[in-house]
file start-v1.txt (compact mmCIF, C-alpha atoms and all ligand atoms)
# COMPACT_ATOMS: atom_id res chain seq x y z
CA MET X 1 132.17 -92.17 -15.70
CA THR X 2 129.81 -91.70 -12.76
CA ALA X 3 129.58 -88.14 -11.61
CA LYS X 4 130.28 -86.91 -8.13
CA ILE X 5 127.24 -85.04 -6.85
CA ILE X 6 127.77 -81.43 -5.82
CA ASP X 7 125.84 -81.12 -2.56
CA GLY X 8 124.39 -77.61 -2.62
CA LYS X 9 122.90 -78.03 0.85
CA GLU X 10 126.27 -78.83 2.36
CA ILE X 11 128.09 -75.95 0.63
CA ALA X 12 125.25 -73.60 1.57
CA GLN X 13 125.49 -74.72 5.22
CA GLN X 14 129.23 -74.07 5.18
CA ILE X 15 128.76 -70.51 3.87
CA ARG X 16 125.83 -69.87 6.25
CA GLY X 17 128.07 -70.96 9.14
CA GLU X 18 130.69 -68.41 8.03
CA LEU X 19 127.97 -65.73 7.80
CA ALA X 20 126.48 -66.59 11.21
CA ALA X 21 129.91 -66.11 12.80
CA GLU X 22 130.30 -62.78 11.01
CA ILE X 23 126.84 -61.64 12.16
CA GLN X 24 127.68 -62.51 15.78
CA HIS X 25 130.76 -60.33 15.44
CA LEU X 26 128.74 -57.46 13.89
CA LYS X 27 126.23 -57.70 16.74
CA THR X 28 128.98 -57.07 19.28
CA ARG X 29 129.39 -53.71 17.49
CA GLY X 30 125.62 -53.05 17.60
CA ILE X 31 125.04 -53.91 13.92
CA VAL X 32 122.12 -56.21 13.03
CA PRO X 33 121.79 -56.87 9.28
CA GLY X 34 118.17 -56.49 8.13
CA LEU X 35 116.30 -57.74 5.05
CA GLY X 36 112.94 -56.38 3.86
CA VAL X 37 110.94 -58.96 1.91
CA ILE X 38 107.93 -58.13 -0.24
CA LEU X 39 105.68 -60.77 -1.77
CA VAL X 40 102.67 -59.66 -3.81
CA GLY X 41 99.96 -62.25 -4.47
CA GLU X 42 99.49 -65.94 -3.80
CA ASP X 43 101.74 -67.77 -6.29
CA PRO X 44 102.55 -71.03 -4.45
CA ALA X 45 106.14 -71.34 -5.72
CA SER X 46 106.89 -67.70 -4.78
CA ARG X 47 105.31 -68.24 -1.36
CA SER X 48 107.51 -71.21 -0.62
CA TYR X 49 110.68 -69.34 -1.80
CA VAL X 50 109.83 -66.38 0.42
CA THR X 51 109.10 -68.59 3.43
CA ALA X 52 112.47 -70.33 2.94
CA LYS X 53 114.23 -66.93 2.73
CA GLU X 54 112.59 -65.70 5.94
CA LYS X 55 113.48 -68.93 7.77
CA ALA X 56 117.11 -68.72 6.60
CA CYS X 57 117.35 -65.13 7.90
CA HIS X 58 116.07 -66.13 11.35
CA GLU X 59 118.45 -69.09 11.52
CA ILE X 60 121.59 -67.00 11.09
CA GLY X 61 120.52 -63.88 12.96
CA ILE X 62 119.40 -61.51 10.18
CA TYR X 63 116.40 -59.33 11.06
CA SER X 64 113.69 -60.03 8.50
CA ASN X 65 110.86 -57.57 7.83
CA ASP X 66 108.21 -59.63 6.02
CA ASN X 67 105.45 -58.11 3.93
CA ARG X 68 102.86 -60.27 2.20
CA LEU X 69 100.59 -58.10 0.12
CA PRO X 70 97.35 -59.05 -1.68
CA ALA X 71 97.36 -59.62 -5.45
CA THR X 72 95.23 -56.45 -5.75
CA THR X 73 98.07 -54.22 -4.44
CA THR X 74 98.51 -51.14 -6.63
CA GLN X 75 101.76 -49.87 -8.13
CA ALA X 76 101.54 -46.78 -5.89
CA GLU X 77 101.13 -48.90 -2.73
CA LEU X 78 104.10 -51.07 -3.67
CA LEU X 79 106.29 -48.04 -4.48
CA ALA X 80 105.32 -46.44 -1.15
CA LEU X 81 106.44 -49.54 0.77
CA ILE X 82 109.75 -49.63 -1.13
CA SER X 83 110.27 -45.95 -0.41
CA ALA X 84 109.70 -46.56 3.32
CA MET X 85 112.21 -49.43 3.26
CA ASN X 86 114.75 -47.28 1.37
CA ALA X 87 114.56 -44.80 4.26
CA ASP X 88 114.59 -47.37 7.09
CA PRO X 89 118.08 -47.75 8.60
CA LYS X 90 117.16 -51.16 10.08
CA ILE X 91 116.77 -52.52 6.53
CA ASN X 92 119.99 -53.14 4.60
CA GLY X 93 118.51 -55.24 1.81
CA ILE X 94 115.21 -55.12 -0.07
CA LEU X 95 113.83 -58.11 -1.93
CA VAL X 96 110.72 -57.90 -4.10
CA GLN X 97 109.82 -61.44 -5.09
CA LEU X 98 109.43 -61.88 -8.86
CA PRO X 99 107.42 -62.40 -10.92
CA LEU X 100 104.97 -59.68 -9.89
CA PRO X 101 101.27 -59.87 -10.83
CA LYS X 102 100.78 -58.71 -14.42
CA HIS X 103 99.17 -55.34 -13.59
CA LEU X 104 102.36 -54.17 -11.84
CA ASN X 105 105.29 -52.57 -13.68
CA GLU X 106 108.31 -54.66 -12.75
CA SER X 107 111.03 -52.44 -14.20
CA GLU X 108 109.66 -49.37 -12.43
CA VAL X 109 109.59 -51.35 -9.16
CA LEU X 110 113.21 -52.53 -9.55
CA LEU X 111 114.32 -48.96 -10.37
CA ALA X 112 112.66 -47.68 -7.18
CA ILE X 113 114.88 -49.82 -4.93
CA ASN X 114 117.88 -47.94 -3.54
CA PRO X 115 120.83 -49.55 -5.43
CA ASP X 116 122.75 -49.68 -2.12
CA LYS X 117 120.00 -51.97 -0.74
CA ASP X 118 119.51 -53.98 -3.94
CA VAL X 119 120.63 -57.35 -2.55
CA ASP X 120 119.08 -59.16 -5.53
CA GLY X 121 121.41 -57.25 -7.87
CA PHE X 122 118.51 -56.52 -10.26
CA HIS X 123 118.69 -52.69 -10.33
CA PRO X 124 120.09 -51.54 -13.70
CA LEU X 125 122.88 -49.67 -11.90
CA ASN X 126 124.08 -52.89 -10.26
CA VAL X 127 123.63 -54.82 -13.52
CA GLY X 128 125.79 -52.22 -15.28
CA ARG X 129 128.42 -52.27 -12.56
CA MET X 130 128.60 -56.05 -12.77
CA VAL X 131 128.99 -55.97 -16.57
CA VAL X 132 131.88 -53.49 -16.46
CA GLY X 133 133.53 -55.32 -13.56
CA GLU X 134 132.94 -52.74 -10.81
CA LYS X 135 131.99 -53.66 -7.25
CA ALA X 136 128.27 -54.53 -7.24
CA PHE X 137 125.74 -56.75 -5.53
CA LEU X 138 125.89 -59.91 -7.64
CA PRO X 139 122.59 -61.60 -8.48
CA CYS X 140 122.11 -64.49 -6.08
CA THR X 141 121.61 -67.50 -8.34
CA PRO X 142 124.57 -66.79 -10.67
CA HIS X 143 126.77 -65.96 -7.68
CA GLY X 144 125.64 -69.18 -5.98
CA VAL X 145 126.52 -71.19 -9.09
CA LEU X 146 130.04 -69.68 -9.14
CA GLN X 147 130.53 -70.34 -5.43
CA MET X 148 129.43 -73.96 -5.67
CA MET X 149 131.75 -74.59 -8.61
CA ALA X 150 134.68 -72.86 -6.91
CA ARG X 151 134.16 -74.78 -3.66
CA SER X 152 133.93 -78.08 -5.61
CA GLY X 153 137.27 -77.48 -7.33
CA VAL X 154 135.88 -76.81 -10.82
CA LYS X 155 138.47 -75.06 -12.99
CA ILE X 156 136.59 -72.22 -14.64
CA GLU X 157 139.54 -70.36 -16.17
CA GLY X 158 139.97 -71.39 -19.81
CA ALA X 159 136.93 -73.69 -19.72
CA HIS X 160 134.20 -73.55 -22.33
CA ALA X 161 130.97 -72.89 -20.45
CA VAL X 162 127.68 -73.30 -22.31
CA ILE X 163 124.64 -71.72 -20.70
CA VAL X 164 121.19 -72.83 -21.84
CA GLY X 165 118.82 -69.94 -21.10
CA ARG X 166 119.09 -66.16 -21.40
CA SER X 167 116.93 -64.82 -18.56
CA ASN X 168 117.75 -61.55 -16.83
CA ILE X 169 117.94 -63.40 -13.49
CA VAL X 170 120.26 -66.27 -14.47
CA GLY X 171 121.50 -66.72 -18.06
CA LYS X 172 122.56 -63.17 -18.92
CA PRO X 173 124.30 -62.32 -15.62
CA LEU X 174 125.98 -65.74 -15.45
CA ALA X 175 127.40 -65.27 -18.95
CA ASN X 176 128.84 -61.92 -17.89
CA LEU X 177 130.34 -63.24 -14.67
CA LEU X 178 131.92 -66.30 -16.29
CA MET X 179 133.53 -64.26 -19.08
CA ALA X 180 134.81 -61.56 -16.71
CA LYS X 181 138.48 -61.16 -15.89
CA GLY X 182 139.29 -62.47 -12.44
CA LYS X 183 138.81 -65.28 -9.95
CA MET X 184 135.96 -67.76 -10.59
CA ALA X 185 135.88 -66.42 -14.17
CA ASN X 186 137.99 -66.21 -17.38
CA ALA X 187 135.83 -68.80 -19.16
CA THR X 188 134.87 -68.88 -22.84
CA VAL X 189 131.10 -68.56 -22.84
CA THR X 190 128.36 -69.63 -25.26
CA VAL X 191 124.71 -68.81 -24.57
CA CYS X 192 121.97 -70.96 -26.11
CA HIS X 193 118.26 -70.13 -26.05
CA THR X 194 114.88 -71.02 -27.52
CA LYS X 195 115.88 -69.86 -31.00
CA THR X 196 119.23 -71.73 -31.05
CA LYS X 197 119.09 -74.20 -33.95
CA ASP X 198 120.85 -77.20 -32.37
CA ILE X 199 121.57 -76.75 -28.66
CA GLY X 200 123.32 -80.14 -28.46
CA TYR X 201 125.90 -79.00 -31.04
CA TYR X 202 127.09 -76.42 -28.52
CA THR X 203 126.63 -78.33 -25.26
CA ARG X 204 128.60 -81.32 -26.58
CA GLN X 205 131.65 -79.01 -26.81
CA ALA X 206 131.22 -77.72 -23.27
CA ASP X 207 133.47 -78.39 -20.29
CA ILE X 208 130.71 -76.86 -18.16
CA VAL X 209 127.00 -77.03 -19.07
CA ILE X 210 124.63 -74.78 -17.12
CA ALA X 211 120.94 -75.45 -17.67
CA ALA X 212 118.68 -72.50 -16.88
CA ALA X 213 115.85 -72.87 -19.35
CA GLY X 214 112.93 -73.62 -17.02
CA ARG X 215 111.91 -76.81 -18.84
CA PRO X 216 112.44 -80.45 -17.77
CA ASN X 217 114.77 -82.61 -19.90
CA THR X 218 116.27 -79.65 -21.75
CA VAL X 219 119.70 -81.26 -21.30
CA THR X 220 119.86 -85.00 -21.98
CA ALA X 221 122.84 -87.38 -21.79
CA ASP X 222 123.48 -87.32 -25.57
CA MET X 223 123.98 -83.53 -25.26
CA ILE X 224 126.99 -83.62 -22.92
CA LYS X 225 130.54 -84.84 -23.38
CA ASP X 226 132.18 -87.39 -21.09
CA GLY X 227 133.48 -85.77 -17.93
CA ALA X 228 131.56 -82.50 -18.29
CA VAL X 229 130.48 -80.50 -15.25
CA VAL X 230 126.67 -80.17 -15.27
CA ILE X 231 124.93 -77.47 -13.24
CA ASP X 232 121.13 -77.56 -13.12
CA VAL X 233 119.44 -74.27 -12.25
CA GLY X 234 115.94 -75.43 -13.23
CA VAL X 235 113.17 -75.90 -10.69
CA ASN X 236 110.09 -77.39 -12.34
CA ARG X 237 106.99 -78.87 -10.74
CA VAL X 238 105.83 -82.06 -12.45
CA GLU X 239 102.64 -83.88 -11.52
CA ASP X 240 103.24 -86.93 -9.34
CA ALA X 241 100.24 -88.68 -7.80
CA THR X 242 102.51 -90.66 -5.46
CA LYS X 243 103.48 -87.43 -3.64
CA LYS X 244 101.30 -85.88 -0.96
CA ALA X 245 101.57 -82.45 -2.62
CA GLY X 246 100.60 -83.98 -5.99
CA PHE X 247 103.88 -82.89 -7.60
CA ARG X 248 107.63 -83.32 -7.37
CA LEU X 249 110.46 -80.97 -8.26
CA VAL X 250 112.77 -81.70 -11.17
CA GLY X 251 115.47 -79.64 -12.84
CA ASP X 252 116.15 -78.95 -16.52
CA VAL X 253 118.62 -81.85 -16.77
CA ASP X 254 117.89 -85.55 -17.21
CA PHE X 255 119.76 -86.18 -13.96
CA GLU X 256 120.10 -89.98 -13.85
CA ALA X 257 121.31 -90.31 -17.45
CA CYS X 258 123.68 -87.33 -17.27
CA LYS X 259 125.08 -88.53 -13.94
CA ALA X 260 126.44 -91.61 -15.72
CA LYS X 261 128.48 -89.40 -18.08
CA ALA X 262 129.42 -86.21 -16.23
CA SER X 263 132.29 -85.71 -13.76
CA LEU X 264 130.29 -83.44 -11.44
CA ILE X 265 126.56 -82.76 -11.37
CA THR X 266 124.09 -80.85 -9.19
CA PRO X 267 120.80 -82.45 -8.10
CA VAL X 268 117.35 -80.84 -7.92
CA PRO X 269 116.33 -80.29 -5.21
CA GLY X 270 119.43 -79.82 -3.05
CA GLY X 271 121.71 -78.26 -5.65
CA VAL X 272 121.61 -74.64 -6.77
CA GLY X 273 118.43 -73.79 -4.79
CA PRO X 274 120.01 -73.58 -1.31
CA MET X 275 122.89 -71.55 -2.79
CA THR X 276 120.57 -68.82 -4.10
CA ILE X 277 119.19 -68.06 -0.66
CA THR X 278 122.66 -68.24 0.86
CA MET X 279 124.00 -65.58 -1.50
CA LEU X 280 121.03 -63.37 -0.62
CA LEU X 281 122.08 -63.66 3.03
CA TYR X 282 125.67 -62.91 1.98
CA ASN X 283 124.62 -59.74 0.11
CA THR X 284 122.52 -58.59 3.08
CA VAL X 285 125.49 -58.94 5.43
CA GLU X 286 127.70 -57.13 2.88
CA SER X 287 125.18 -54.30 2.66
CA ALA X 288 125.02 -53.95 6.45
CA LYS X 289 128.81 -53.77 6.58
CA ARG X 290 128.94 -51.12 3.83
CA ALA X 291 126.18 -49.07 5.52
CA ASN X 292 128.38 -48.99 8.63
CA GLY X 293 131.56 -48.09 6.79
CA LEU X 294 133.12 -51.55 7.20
N1 LIG G 301 112.13 -65.11 -8.42
C1 LIG G 301 112.88 -66.17 -8.79
N2 LIG G 301 114.15 -66.03 -8.36
C2 LIG G 301 114.20 -64.86 -7.72
C3 LIG G 301 115.26 -64.16 -7.05
O1 LIG G 301 116.41 -64.61 -6.97
N3 LIG G 301 114.91 -62.98 -6.49
C4 LIG G 301 113.66 -62.47 -6.58
N4 LIG G 301 113.42 -61.30 -6.03
N5 LIG G 301 112.67 -63.08 -7.20
C5 LIG G 301 112.95 -64.27 -7.76

call {"tool": "encode", "arguments": {"input": "start-v1.txt", "output": "structure tokens"}}
result
Amino acid sequence: MTAKIIDGKEIAQQIRGELAAEIQHLKTRGIVPGLGVILVGEDPASRSYVTAKEKACHEIGIYSNDNRLPATTTQAELLALISAMNADPKINGILVQLPLPKHLNESEVLLAINPDKDVDGFHPLNVGRMVVGEKAFLPCTPHGVLQMMARSGVKIEGAHAVIVGRSNIVGKPLANLLMAKGKMANATVTVCHTKTKDIGYYTRQADIVIAAAGRPNTVTADMIKDGAVVIDVGVNRVEDATKKAGFRLVGDVDFEACKAKASLITPVPGGVGPMTITMLLYNTVESAKRANGL
């Protein structure tokens, strides 16, 4: 079997088109959704993510308040900026790019964000709401993965989904969302991680394999069954002297080999990546609507 490629860029464009129309409508009522973005330090990957987020906001009409702070920023300075954004009615969503430099206390920073403006869905209150199935801002990458599967006709209900990776940003929330009762859910979920004895034993039983380990070639063709759906959340830089930048991006999946066996597969780049930013835009619009009683 040769897999059909799930085009994350195309699905993201479709959703962004829907959001742009909604924003135009909100603007006729005097509502402009706003996102506050905070980047601390010079990490190149984080810088390029943040630049892409800011560009996406401008393209669909979201006001973006961009703050690039030096790596020497103190915890108190960062908390003061978050506090100002919490109080600013023009800002509906606050995004602090992770990871933060080591001297900063990440959990204290996430707790300081007003949960009603937590468009990343990382505040423990939103995490808890998501786990018990209450209305919450859903974390952007897991939500993007669900949207791209739903819009590609993947049947999630009753499927066995195996997630490789247990991060707070992807693996853990995705496991919760897939096992929840409801639409785009009702799956049987297995989570594998660095201490799992034989990851292939589990992935070979999976109807859906989601790789979110942060390591190239974590999922190889011998680890998937014929016709599986393969979603690659990994974004890894590997050295490549033929590229101007000196590197290229690869996922966690051996794409070419798995493509020959899967029914559907996501590429890197152009798969999950564009969906993550799109769901951030979605949450920001949602937050603006809620702030205005809509
Ligand atoms: N770092 C990697 N992914 C993300 C994300 O989705 N949000 C934030 N804030 N930081 C990240």

call {"tool": "residues_around", "arguments": {"input": "start-v1.txt", "residues": "Lys155 of chain X", "least_positions_apart": "4", "cutoff": "12 Å", "atoms": "only C-alpha atoms", "output": "list in words"}}
result
Leu146, Gln147, Met148, Met149, Ala150, Arg151, Ala159, His160, Ala161, Leu178, Lys183, Met184, Ala185, Asn186, Ala187, Asp207, Ile208, Ala228, Val229 and Leu264 of chain X

call {"tool": "closest_residue", "arguments": {"input": "start-v1.txt", "among": "X:His103, X:Arg215, X:His58, X:Lys53", "to": "ligand LIG 301 (chain G)", "atoms": "all atoms listed in the file"}}
result
X:Lys53

call {"tool": "closest_atom_pairs", "arguments": {"input": "start-v1.txt", "of": "chain X", "to": "ligand LIG 301 (chain G)", "cutoff": "7 Å", "atoms": "all atoms listed in the file", "output": "JSON lines"}}
result
{"residue": "X:Ser46", "atom": "CA", "partner": "G:LIG301", "partner_atom": "N1", "distance": 6.9}
{"residue": "X:Leu95", "atom": "CA", "partner": "G:LIG301", "partner_atom": "N4", "distance": 5.2}
{"residue": "X:Val96", "atom": "CA", "partner": "G:LIG301", "partner_atom": "N4", "distance": 4.8}
{"residue": "X:Gln97", "atom": "CA", "partner": "G:LIG301", "partner_atom": "N4", "distance": 3.7}
{"residue": "X:Leu98", "atom": "CA", "partner": "G:LIG301", "partner_atom": "N5", "distance": 3.8}
{"residue": "X:Pro99", "atom": "CA", "partner": "G:LIG301", "partner_atom": "N1", "distance": 6.0}
{"residue": "X:Asp120", "atom": "CA", "partner": "G:LIG301", "partner_atom": "N3", "distance": 5.7}
{"residue": "X:Cys140", "atom": "CA", "partner": "G:LIG301", "partner_atom": "O1", "distance": 5.8}
{"residue": "X:Thr141", "atom": "CA", "partner": "G:LIG301", "partner_atom": "O1", "distance": 6.1}
{"residue": "X:Ile169", "atom": "CA", "partner": "G:LIG301", "partner_atom": "O1", "distance": 6.8}
{"residue": "X:Thr276", "atom": "CA", "partner": "G:LIG301", "partner_atom": "O1", "distance": 6.6}

call {"tool": "closest_residue", "arguments": {"input": "start-v1.txt", "among": "X:Ala211, X:Ala260, X:Leu19, X:Met85", "to": "Thr2 of chain X", "atoms": "only C-alpha atoms"}}
result
X:Ala260

call {"tool": "closest_residue", "arguments": {"input": "start-v1.txt", "among": "X:Asp43, X:Asp226, X:Glu286, X:Glu106", "to": "Ser263 of chain X", "atoms": "all atoms listed in the file"}}
result
X:Asp226

call {"tool": "residues_around", "arguments": {"input": "start-v1.txt", "residues": "Asn67 of chain X", "least_positions_apart": "3", "cutoff": "8 Å", "atoms": "only C-alpha atoms", "output": "list in words"}}
result
Gly36, Val37, Ile38 and Leu39 of chain X

call {"tool": "residues_near_point", "arguments": {"input": "start-v1.txt", "point": "(114.1, -82.2, -23.7)", "cutoff": "12 Å", "atoms": "all atoms listed in the file", "output": "list in words"}}
result
Val164, Thr194, Ile199, Gly200, Ala211, Ala213, Gly214, Arg215, Pro216, Asn217, Thr218, Val219, Thr220, Ala221, Asp222, Met223, Gly251, Asp252, Val253, Asp254 and Phe255 of chain X

call {"tool": "closest_residue", "arguments": {"input": "start-v1.txt", "among": "X:Cys192, X:Val268, X:Leu81, X:Met1", "to": "Val233 of chain X", "atoms": "only C-alpha atoms"}}
result
X:Val268

call {"tool": "residues_around", "arguments": {"input": "start-v1.txt", "residues": "Ile23 of chain X", "least_positions_apart": "3", "cutoff": "10 Å", "atoms": "only C-alpha atoms", "output": "PyMOL selection string"}}
result
chain X and resi 17-20+26-29+31-33+60-62+285+288-289

call {"tool": "write_last_selection", "arguments": {"input": "start-v1.txt", "atoms": "C-alpha atoms", "output": "CSV table (one decimal), in the coordinates of the input"}}
result
chain,number,residue,atom,x,y,z
X,17,GLY,CA,128.1,-71.0,9.1
X,18,GLU,CA,130.7,-68.4,8.0
X,19,LEU,CA,128.0,-65.7,7.8
X,20,ALA,CA,126.5,-66.6,11.2
X,26,LEU,CA,128.7,-57.5,13.9
X,27,LYS,CA,126.2,-57.7,16.7
X,28,THR,CA,129.0,-57.1,19.3
X,29,ARG,CA,129.4,-53.7,17.5
X,31,ILE,CA,125.0,-53.9,13.9
X,32,VAL,CA,122.1,-56.2,13.0
X,33,PRO,CA,121.8,-56.9,9.3
X,60,ILE,CA,121.6,-67.0,11.1
X,61,GLY,CA,120.5,-63.9,13.0
X,62,ILE,CA,119.4,-61.5,10.2
X,285,VAL,CA,125.5,-58.9,5.4
X,288,ALA,CA,125.0,-54.0,6.4
X,289,LYS,CA,128.8,-53.8,6.6

call {"tool": "residues_around", "arguments": {"input": "start-v1.txt", "residues": "Leu104 of chain X", "least_positions_apart": "4", "cutoff": "8 Å", "atoms": "all atoms listed in the file", "output": "ChimeraX atom specification"}}
result
/X:74-75,100

call {"tool": "closest_residue", "arguments": {"input": "start-v1.txt", "among": "X:Val40, X:Ser48, X:Lys102, X:Lys9", "to": "Glu77 of chain X", "atoms": "only C-alpha atoms"}}
result
X:Val40

call {"tool": "atom_distance", "arguments": {"input": "start-v1.txt", "atom1": "atom CA of Thr278 of chain X", "atom2": "atom CA of Ser107 of chain X"}}
result
24.7 Å

call {"tool": "atom_distance", "arguments": {"input": "start-v1.txt", "atom1": "atom CA of Val250 of chain X", "atom2": "atom CA of Arg68 of chain X"}}
result
27.1 Å

call {"tool": "atom_distance", "arguments": {"input": "start-v1.txt", "atom1": "atom CA of Lys4 of chain X", "atom2": "atom CA of Ile265 of chain X"}}
result
6.4 Å

call {"tool": "build_atoms", "arguments": {"input": "start-v1.txt", "residues": "segment 7-15 of chain X", "atoms": "all heavy atoms", "output": "PDB file, in the coordinates of the input"}}
result
ATOM      1  N   ASP X   7     126.890 -81.241  -3.575  1.00  0.00           N
ATOM      2  CA  ASP X   7     125.840 -81.120  -2.560  1.00  0.00           C
ATOM      3  C   ASP X   7     125.647 -79.641  -2.201  1.00  0.00           C
ATOM      4  O   ASP X   7     126.385 -79.081  -1.403  1.00  0.00           O
ATOM      5  CB  ASP X   7     126.258 -81.949  -1.329  1.00  0.00           C
ATOM      6  CG  ASP X   7     125.165 -81.981  -0.272  1.00  0.00           C
ATOM      7  OD1 ASP X   7     124.279 -81.099  -0.288  1.00  0.00           O
ATOM      8  OD2 ASP X   7     125.207 -82.887   0.570  1.00  0.00           O
ATOM      9  N   GLY X   8     124.645 -79.039  -2.830  1.00  0.00           N
ATOM     10  CA  GLY X   8     124.390 -77.610  -2.620  1.00  0.00           C
ATOM     11  C   GLY X   8     124.013 -77.303  -1.180  1.00  0.00           C
ATOM     12  O   GLY X   8     124.352 -76.246  -0.653  1.00  0.00           O
ATOM     13  N   LYS X   9     123.315 -78.262  -0.543  1.00  0.00           N
ATOM     14  CA  LYS X   9     122.900 -78.030   0.850  1.00  0.00           C
ATOM     15  C   LYS X   9     124.123 -77.917   1.754  1.00  0.00           C
ATOM     16  O   LYS X   9     124.193 -77.055   2.616  1.00  0.00           O
ATOM     17  CB  LYS X   9     122.038 -79.207   1.336  1.00  0.00           C
ATOM     18  CG  LYS X   9     120.565 -79.001   1.102  1.00  0.00           C
ATOM     19  CD  LYS X   9     119.781 -79.931   2.008  1.00  0.00           C
ATOM     20  CE  LYS X   9     118.921 -80.806   1.155  1.00  0.00           C
ATOM     21  NZ  LYS X   9     118.356 -81.980   1.758  1.00  0.00           N
ATOM     22  N   GLU X  10     125.082 -78.810   1.506  1.00  0.00           N
ATOM     23  CA  GLU X  10     126.270 -78.830   2.360  1.00  0.00           C
ATOM     24  C   GLU X  10     127.109 -77.563   2.151  1.00  0.00           C
ATOM     25  O   GLU X  10     127.564 -76.939   3.120  1.00  0.00           O
ATOM     26  CB  GLU X  10     127.099 -80.075   2.013  1.00  0.00           C
ATOM     27  CG  GLU X  10     128.255 -80.320   2.969  1.00  0.00           C
ATOM     28  CD  GLU X  10     129.040 -81.559   2.540  1.00  0.00           C
ATOM     29  OE1 GLU X  10     128.406 -82.610   2.288  1.00  0.00           O
ATOM     30  OE2 GLU X  10     130.268 -81.447   2.430  1.00  0.00           O
ATOM     31  N   ILE X  11     127.297 -77.165   0.891  1.00  0.00           N
ATOM     32  CA  ILE X  11     128.090 -75.950   0.630  1.00  0.00           C
ATOM     33  C   ILE X  11     127.362 -74.735   1.187  1.00  0.00           C
ATOM     34  O   ILE X  11     127.974 -73.841   1.787  1.00  0.00           O
ATOM     35  CB  ILE X  11     128.374 -75.796  -0.886  1.00  0.00           C
ATOM     36  CG1 ILE X  11     129.180 -76.999  -1.392  1.00  0.00           C
ATOM     37  CG2 ILE X  11     129.144 -74.500  -1.173  1.00  0.00           C
ATOM     38  CD1 ILE X  11     129.330 -77.056  -2.903  1.00  0.00           C
ATOM     39  N   ALA X  12     126.039 -74.721   1.041  1.00  0.00           N
ATOM     40  CA  ALA X  12     125.250 -73.600   1.570  1.00  0.00           C
ATOM     41  C   ALA X  12     125.388 -73.524   3.090  1.00  0.00           C
ATOM     42  O   ALA X  12     125.561 -72.445   3.663  1.00  0.00           O
ATOM     43  CB  ALA X  12     123.782 -73.760   1.173  1.00  0.00           C
ATOM     44  N   GLN X  13     125.345 -74.696   3.751  1.00  0.00           N
ATOM     45  CA  GLN X  13     125.490 -74.720   5.220  1.00  0.00           C
ATOM     46  C   GLN X  13     126.841 -74.165   5.645  1.00  0.00           C
ATOM     47  O   GLN X  13     126.952 -73.437   6.623  1.00  0.00           O
ATOM     48  CB  GLN X  13     125.354 -76.153   5.751  1.00  0.00           C
ATOM     49  CG  GLN X  13     123.972 -76.570   6.154  1.00  0.00           C
ATOM     50  CD  GLN X  13     123.133 -75.486   6.823  1.00  0.00           C
ATOM     51  OE1 GLN X  13     122.172 -75.001   6.234  1.00  0.00           O
ATOM     52  NE2 GLN X  13     123.483 -75.052   8.016  1.00  0.00           N
ATOM     53  N   GLN X  14     127.865 -74.537   4.874  1.00  0.00           N
ATOM     54  CA  GLN X  14     129.230 -74.070   5.180  1.00  0.00           C
ATOM     55  C   GLN X  14     129.272 -72.535   5.104  1.00  0.00           C
ATOM     56  O   GLN X  14     129.755 -71.876   6.027  1.00  0.00           O
ATOM     57  CB  GLN X  14     130.133 -74.702   4.125  1.00  0.00           C
ATOM     58  CG  GLN X  14     131.596 -74.606   4.352  1.00  0.00           C
ATOM     59  CD  GLN X  14     132.349 -75.164   3.116  1.00  0.00           C
ATOM     60  OE1 GLN X  14     131.780 -75.830   2.241  1.00  0.00           O
ATOM     61  NE2 GLN X  14     133.623 -74.879   3.052  1.00  0.00           N
ATOM     62  N   ILE X  15     128.729 -71.973   4.028  1.00  0.00           N
ATOM     63  CA  ILE X  15     128.760 -70.510   3.870  1.00  0.00           C
ATOM     64  C   ILE X  15     127.887 -69.848   4.935  1.00  0.00           C
ATOM     65  O   ILE X  15     128.253 -68.819   5.518  1.00  0.00           O
ATOM     66  CB  ILE X  15     128.323 -70.087   2.451  1.00  0.00           C
ATOM     67  CG1 ILE X  15     129.262 -70.693   1.408  1.00  0.00           C
ATOM     68  CG2 ILE X  15     128.297 -68.563   2.313  1.00  0.00           C
ATOM     69  CD1 ILE X  15     128.832 -70.477  -0.041  1.00  0.00           C
TER      70      ILE X  15
END
